[in-house]
Amino acid sequence: MALKLFNTLTRSVQEFVPLDPHGKMVGLYCCGPTVYDFAHIGNWRTFVFADLVRRTLEFSGYVVRHVMNVTDVEDKIIKRVRENKTTLREFTGKFETAFLDDLKALGCREPHQKPRASEHIPEIIALIEKLVARGMAYQAHDGSVYFSIEKYRGCGCHYGQLLKLNLDEMRAGERVASDEYEKESIADFALWKARVPDDGEVFWPSPFGEGRPGWHIECSAMSIKALGETFDLHLGGEDLKFPHHEDEIAQSEGATGKPFVKFWLHGAHLLVEGKKMSKSLGNYFTLRDLLAKGFTGREVRFLLLSSHYRETFNFTLDGLHGAKTALARIDECVGKLRDVAGNATAGPDSKLVEQFSAALADDLNVSAAWAAVFEWVRETNKSIADISLSASDAAAALAAWEKVDAVLGISAKAEAEVPAEISALADDRAAAKKARDFKRSDAIRDELKAKGWVIEDTPKGIKLKKI
Ligand code: AMP
Ligand code: ZN
């Protein structure tokens, strides 16, 4: 089934066709974290969305090259390095490691490449030199190098591809040095920022003098190096459309004269209890905050995957409790299927896989995908209760679940391993019951409970379950 995605570039849902003439390889770049703090759950919504896109492409048979940069040179980072009287590497290294740990806890597949801006200074300088040579960048009196929107447009290039901009109000030559600015202040933006005392030790030599790159040029240089001058997909949160992604397009197309990216995908933002997350409102959560409250990465992932990526998502702690319950239903169903299937094997049952694929192919319609999963849980539970499911039916259902879970990435837990001491106690209890020594059998049951295990009597004999 053809995969359709909403392309911000065309403002429409389009069939995804890769650039690869063999229709197999796909290049995907997602703007990575700015490593100046622990990532918050808003950031995680975007990275889990990127993981969903990658897994859906892989599920559809493509071979994906997933690149996610690490922004380790940027205005906010330099400010914090100065405040903390530390070095860039020491400061960013800590948050980069934490980010990768959290990525794993959320069940995201690790990107194939994670380029750091600080390790791509030569590529960044080379790209700026190209822009200077093509007349689209200039060095200002402050020593910094700026991108000229006027010259870029003068060459017939289009500034404002991702969103409509009022360029008539722009004053030629007006400049903005900061990495982040509003739509209202469209202006020439910094590619190379001349060294100032506040930068401390964060600077590199360049043909334009000592300094450091702007944030936007970093992503152009790293994505082009990893995936070529034109590639398939570029992702990020919706706040990155302007100026970051618009500037990436301008720099890249200005330097290469080729279209930069075929599909731009943007994830909508996350709110907490209906409000923009902020530390002062006390509604700001990192993944670590949620783990400390006793939730798991799997539950957070489930919740973040529960709504469509183009809709604003309202995160609540109640929602997270709901995720726990929903996952328990899936786990229980899959656990029972494993019992019934025993050692039987079978190819995947087609109904769930077909409904699930159709939902995802429709611009990642996760609501329909989850509806297919929970309908399958309901029907499967019913067949198990009716004892109408054979071992091979159960194996086929499990195989279907595994295919679907390759996209969802929530892998229902396999039965917890039973320690030898616990199974010995269970054997003793069975022997006591057989000998009709109910006092002893009850005492063993209580002992097991105190150790965190319960015994369930099933038609196939007893089963030990972790509480
Ligand atoms: P940053 O580390 O600030 O560069 O952000 C990393 C990613 O998180 C970017 O793609 C942002 O667009 C995204 N992001 C930031 N805040 C939110 C939010 N509240 N909801 C969803 N995504 C966000
Ligand atoms: Zn970027």
# chains A, B, ... in the order shown; residues from 1 in each chain; ligands from 1

$ residues_around --residues "Gly93 in chain A" --least-positions-apart "2" --cutoff "12 Å" --atoms "only C-alpha atoms" --output "CSV table (one decimal) with C-alpha atoms, in the first residue's frame"
chain,number,residue,atom,x,y,z
A,34,THR,CA,20.4,21.2,21.5
A,35,VAL,CA,22.3,19.6,24.3
A,36,TYR,CA,22.2,22.4,27.0
A,37,ASP,CA,19.7,20.6,29.3
A,38,PHE,CA,17.8,17.3,29.7
A,70,VAL,CA,23.6,16.9,17.9
A,71,THR,CA,23.5,20.6,18.2
A,72,ASP,CA,26.5,21.2,20.5
A,73,VAL,CA,27.4,24.8,19.3
A,77,ILE,CA,24.9,26.4,25.0
A,81,VAL,CA,29.1,27.0,29.3
A,86,THR,CA,33.2,24.7,32.1
A,87,THR,CA,34.3,23.5,28.6
A,88,LEU,CA,31.9,23.0,25.7
A,89,ARG,CA,32.7,19.3,25.4
A,90,GLU,CA,32.3,18.6,29.2
A,91,PHE,CA,29.1,20.5,29.3
A,95,PHE,CA,23.4,16.1,28.2
A,96,GLU,CA,24.2,14.1,25.0
A,97,THR,CA,24.7,10.9,27.0
A,98,ALA,CA,21.5,11.6,29.0
A,99,PHE,CA,19.6,12.2,25.7
A,100,LEU,CA,20.8,8.8,24.2
A,116,ARG,CA,28.0,16.8,16.2
A,118,SER,CA,31.5,20.9,16.7

$ residues_around --residues "range 163-176 of chain A" --least-positions-apart "4" --cutoff "12 Å" --atoms "only C-alpha atoms" --output "PyMOL selection string"
chain A and resi 7-11+136-142+144-154+158-159+180-193+214+238-247+264

$ closest_residue --among "A:Ala371, A:Ala346, A:Leu337, A:Ile249" --to "Ser383 in chain A" --atoms "only C-alpha atoms"
A:Leu337

$ closest_atom_pairs --of "chain A" --to "ligand 2" --cutoff "10 Å" --atoms "only C-alpha atoms and all ligand atoms" --output "tab-separated table"
residue	atom	partner	partner_atom_place_in_ligand_line	distance
A:Tyr29	CA	ligand 2	1 (Zn)	8.6
A:Cys30	CA	ligand 2	1 (Zn)	7.1
A:Cys31	CA	ligand 2	1 (Zn)	4.0
A:Gly32	CA	ligand 2	1 (Zn)	6.7
A:Pro33	CA	ligand 2	1 (Zn)	8.9
A:Thr34	CA	ligand 2	1 (Zn)	9.5
A:Met68	CA	ligand 2	1 (Zn)	8.8
A:Asn69	CA	ligand 2	1 (Zn)	7.4
A:Val70	CA	ligand 2	1 (Zn)	9.0
A:Thr71	CA	ligand 2	1 (Zn)	8.0
A:Trp215	CA	ligand 2	1 (Zn)	7.5
A:His216	CA	ligand 2	1 (Zn)	6.3
A:Ile217	CA	ligand 2	1 (Zn)	8.5
A:Glu218	CA	ligand 2	1 (Zn)	7.3
A:Cys219	CA	ligand 2	1 (Zn)	4.5
A:Ser220	CA	ligand 2	1 (Zn)	7.5
A:Ala221	CA	ligand 2	1 (Zn)	10.0
A:Met222	CA	ligand 2	1 (Zn)	9.1
A:Ser223	CA	ligand 2	1 (Zn)	8.6
A:His234	CA	ligand 2	1 (Zn)	8.9
A:Leu235	CA	ligand 2	1 (Zn)	8.6
A:Gly236	CA	ligand 2	1 (Zn)	7.6
A:Leu240	CA	ligand 2	1 (Zn)	7.7
A:Lys241	CA	ligand 2	1 (Zn)	9.8
A:His244	CA	ligand 2	1 (Zn)	6.5
A:His245	CA	ligand 2	1 (Zn)	6.7
A:Asp247	CA	ligand 2	1 (Zn)	9.6
A:Glu248	CA	ligand 2	1 (Zn)	7.5

$ select_by_dssp --residues "range 417-447 of chain A" --states "helix (DSSP H, G or I)" --output "ChimeraX atom specification"
/A:420-434,438-447

$ closest_atom_pairs --of "range 311-382 of chain A" --to "range 13-28 of chain A" --cutoff "10 Å" --atoms "only C-alpha atoms" --output "CSV"
residue,atom,partner,partner_atom,distance
A:Ala361,CA,A:Glu15,CA,9.1
A:Asp362,CA,A:Val13,CA,8.8
A:Asp363,CA,A:Val13,CA,7.1

$ closest_residue --among "A:Leu265, A:Val366, A:Ile78, A:Gln355" --to "Arg195 in chain A" --atoms "only C-alpha atoms"
A:Ile78

$ closest_residue --among "A:His40, A:Lys258, A:Arg65, A:Arg134" --to "ligand 1" --atoms "only C-alpha atoms and all ligand atoms"
A:His40

$ residues_around --residues "Asn314 in chain A" --least-positions-apart "2" --cutoff "9 Å" --atoms "only C-alpha atoms" --output "list in words"
His269, Leu270, Leu271, Val272, Glu273, Gly274, Lys275, Thr312, Thr316 and Gly319 of chain A

$ write_last_selection --atoms "all heavy atoms" --output "PDB file, in the first residue's frame"
ATOM      1  N   HIS A 269       3.079  20.582  18.411  1.00  0.00           N
ATOM      2  CA  HIS A 269       3.628  20.669  19.766  1.00  0.00           C
ATOM      3  C   HIS A 269       2.833  19.899  20.812  1.00  0.00           C
ATOM      4  O   HIS A 269       1.717  19.468  20.568  1.00  0.00           O
ATOM      5  CB  HIS A 269       3.760  22.131  20.169  1.00  0.00           C
ATOM      6  CG  HIS A 269       5.167  22.617  19.932  1.00  0.00           C
ATOM      7  ND1 HIS A 269       5.697  23.685  20.582  1.00  0.00           N
ATOM      8  CD2 HIS A 269       6.134  22.145  19.130  1.00  0.00           C
ATOM      9  CE1 HIS A 269       6.945  23.859  20.181  1.00  0.00           C
ATOM     10  NE2 HIS A 269       7.222  22.945  19.300  1.00  0.00           N
ATOM     11  N   LEU A 270       3.459  19.768  21.948  1.00  0.00           N
ATOM     12  CA  LEU A 270       2.830  19.122  23.087  1.00  0.00           C
ATOM     13  C   LEU A 270       2.570  20.178  24.150  1.00  0.00           C
ATOM     14  O   LEU A 270       3.417  21.042  24.398  1.00  0.00           O
ATOM     15  CB  LEU A 270       3.794  18.047  23.605  1.00  0.00           C
ATOM     16  CG  LEU A 270       3.515  17.347  24.920  1.00  0.00           C
ATOM     17  CD1 LEU A 270       4.021  15.911  24.851  1.00  0.00           C
ATOM     18  CD2 LEU A 270       4.186  18.045  26.082  1.00  0.00           C
ATOM     19  N   LEU A 271       1.391  20.115  24.744  1.00  0.00           N
ATOM     20  CA  LEU A 271       1.066  20.977  25.877  1.00  0.00           C
ATOM     21  C   LEU A 271       0.966  20.078  27.099  1.00  0.00           C
ATOM     22  O   LEU A 271       0.769  18.870  26.960  1.00  0.00           O
ATOM     23  CB  LEU A 271      -0.289  21.666  25.665  1.00  0.00           C
ATOM     24  CG  LEU A 271      -0.445  22.533  24.417  1.00  0.00           C
ATOM     25  CD1 LEU A 271      -1.879  23.037  24.308  1.00  0.00           C
ATOM     26  CD2 LEU A 271       0.523  23.722  24.467  1.00  0.00           C
ATOM     27  N   VAL A 272       1.071  20.637  28.287  1.00  0.00           N
ATOM     28  CA  VAL A 272       0.872  19.840  29.501  1.00  0.00           C
ATOM     29  C   VAL A 272      -0.336  20.393  30.234  1.00  0.00           C
ATOM     30  O   VAL A 272      -0.371  21.587  30.545  1.00  0.00           O
ATOM     31  CB  VAL A 272       2.126  19.842  30.395  1.00  0.00           C
ATOM     32  CG1 VAL A 272       1.852  19.091  31.685  1.00  0.00           C
ATOM     33  CG2 VAL A 272       3.300  19.194  29.674  1.00  0.00           C
ATOM     34  N   GLU A 273      -1.313  19.529  30.478  1.00  0.00           N
ATOM     35  CA  GLU A 273      -2.576  19.926  31.127  1.00  0.00           C
ATOM     36  C   GLU A 273      -3.103  21.199  30.448  1.00  0.00           C
ATOM     37  O   GLU A 273      -3.507  22.145  31.109  1.00  0.00           O
ATOM     38  CB  GLU A 273      -2.385  20.149  32.646  1.00  0.00           C
ATOM     39  CG  GLU A 273      -1.643  19.038  33.391  1.00  0.00           C
ATOM     40  CD  GLU A 273      -2.518  17.817  33.740  1.00  0.00           C
ATOM     41  OE1 GLU A 273      -3.735  17.883  33.527  1.00  0.00           O
ATOM     42  OE2 GLU A 273      -1.947  16.804  34.201  1.00  0.00           O
ATOM     43  N   GLY A 274      -3.042  21.232  29.117  1.00  0.00           N
ATOM     44  CA  GLY A 274      -3.610  22.342  28.340  1.00  0.00           C
ATOM     45  C   GLY A 274      -2.773  23.600  28.258  1.00  0.00           C
ATOM     46  O   GLY A 274      -3.186  24.575  27.657  1.00  0.00           O
ATOM     47  N   LYS A 275      -1.593  23.576  28.880  1.00  0.00           N
ATOM     48  CA  LYS A 275      -0.784  24.811  28.885  1.00  0.00           C
ATOM     49  C   LYS A 275       0.598  24.562  28.292  1.00  0.00           C
ATOM     50  O   LYS A 275       1.107  23.444  28.344  1.00  0.00           O
ATOM     51  CB  LYS A 275      -0.607  25.309  30.312  1.00  0.00           C
ATOM     52  CG  LYS A 275      -1.898  25.703  30.976  1.00  0.00           C
ATOM     53  CD  LYS A 275      -1.608  26.725  32.076  1.00  0.00           C
ATOM     54  CE  LYS A 275      -2.867  27.259  32.684  1.00  0.00           C
ATOM     55  NZ  LYS A 275      -3.552  26.284  33.545  1.00  0.00           N
ATOM     56  N   THR A 312      -1.998  19.094  17.970  1.00  0.00           N
ATOM     57  CA  THR A 312      -1.395  19.436  19.262  1.00  0.00           C
ATOM     58  C   THR A 312      -1.805  18.370  20.265  1.00  0.00           C
ATOM     59  O   THR A 312      -2.961  17.948  20.294  1.00  0.00           O
ATOM     60  CB  THR A 312      -1.917  20.819  19.718  1.00  0.00           C
ATOM     61  OG1 THR A 312      -1.565  21.743  18.700  1.00  0.00           O
ATOM     62  CG2 THR A 312      -1.281  21.249  21.026  1.00  0.00           C
ATOM     63  N   THR A 316      -1.168  14.639  29.927  1.00  0.00           N
ATOM     64  CA  THR A 316      -1.624  14.727  31.322  1.00  0.00           C
ATOM     65  C   THR A 316      -1.122  13.503  32.080  1.00  0.00           C
ATOM     66  O   THR A 316      -0.867  12.456  31.474  1.00  0.00           O
ATOM     67  CB  THR A 316      -3.175  14.734  31.428  1.00  0.00           C
ATOM     68  OG1 THR A 316      -3.664  13.487  30.915  1.00  0.00           O
ATOM     69  CG2 THR A 316      -3.817  15.875  30.665  1.00  0.00           C
ATOM     70  N   GLY A 319      -3.503  10.736  31.640  1.00  0.00           N
ATOM     71  CA  GLY A 319      -3.275  10.032  30.366  1.00  0.00           C
ATOM     72  C   GLY A 319      -2.213   8.964  30.526  1.00  0.00           C
ATOM     73  O   GLY A 319      -2.302   7.870  29.954  1.00  0.00           O
TER      74      GLY A 319
END

$ residues_around --residues "range 342-344 of chain A" --least-positions-apart "2" --cutoff "10 Å" --atoms "only C-alpha atoms" --output "number ranges by chain"
A: 337-340, 346, 390-396

$ closest_residue --among "A:Ala268, A:Ala443, A:Leu408, A:Ala292" --to "Arg109 in chain A" --atoms "only C-alpha atoms"
A:Leu408

$ atom_distance --atom1 "CA of Thr380 in chain A" --atom2 "CA of Leu57 in chain A"
27.7 Å

$ atom_distance --atom1 "CA of Leu304 in chain A" --atom2 "CA of Val373 in chain A"
16.3 Å

$ closest_residue --among "A:Arg329, A:Lys449, A:Arg436, A:Arg310" --to "ligand 1" --atoms "only C-alpha atoms and all ligand atoms"
A:Arg310
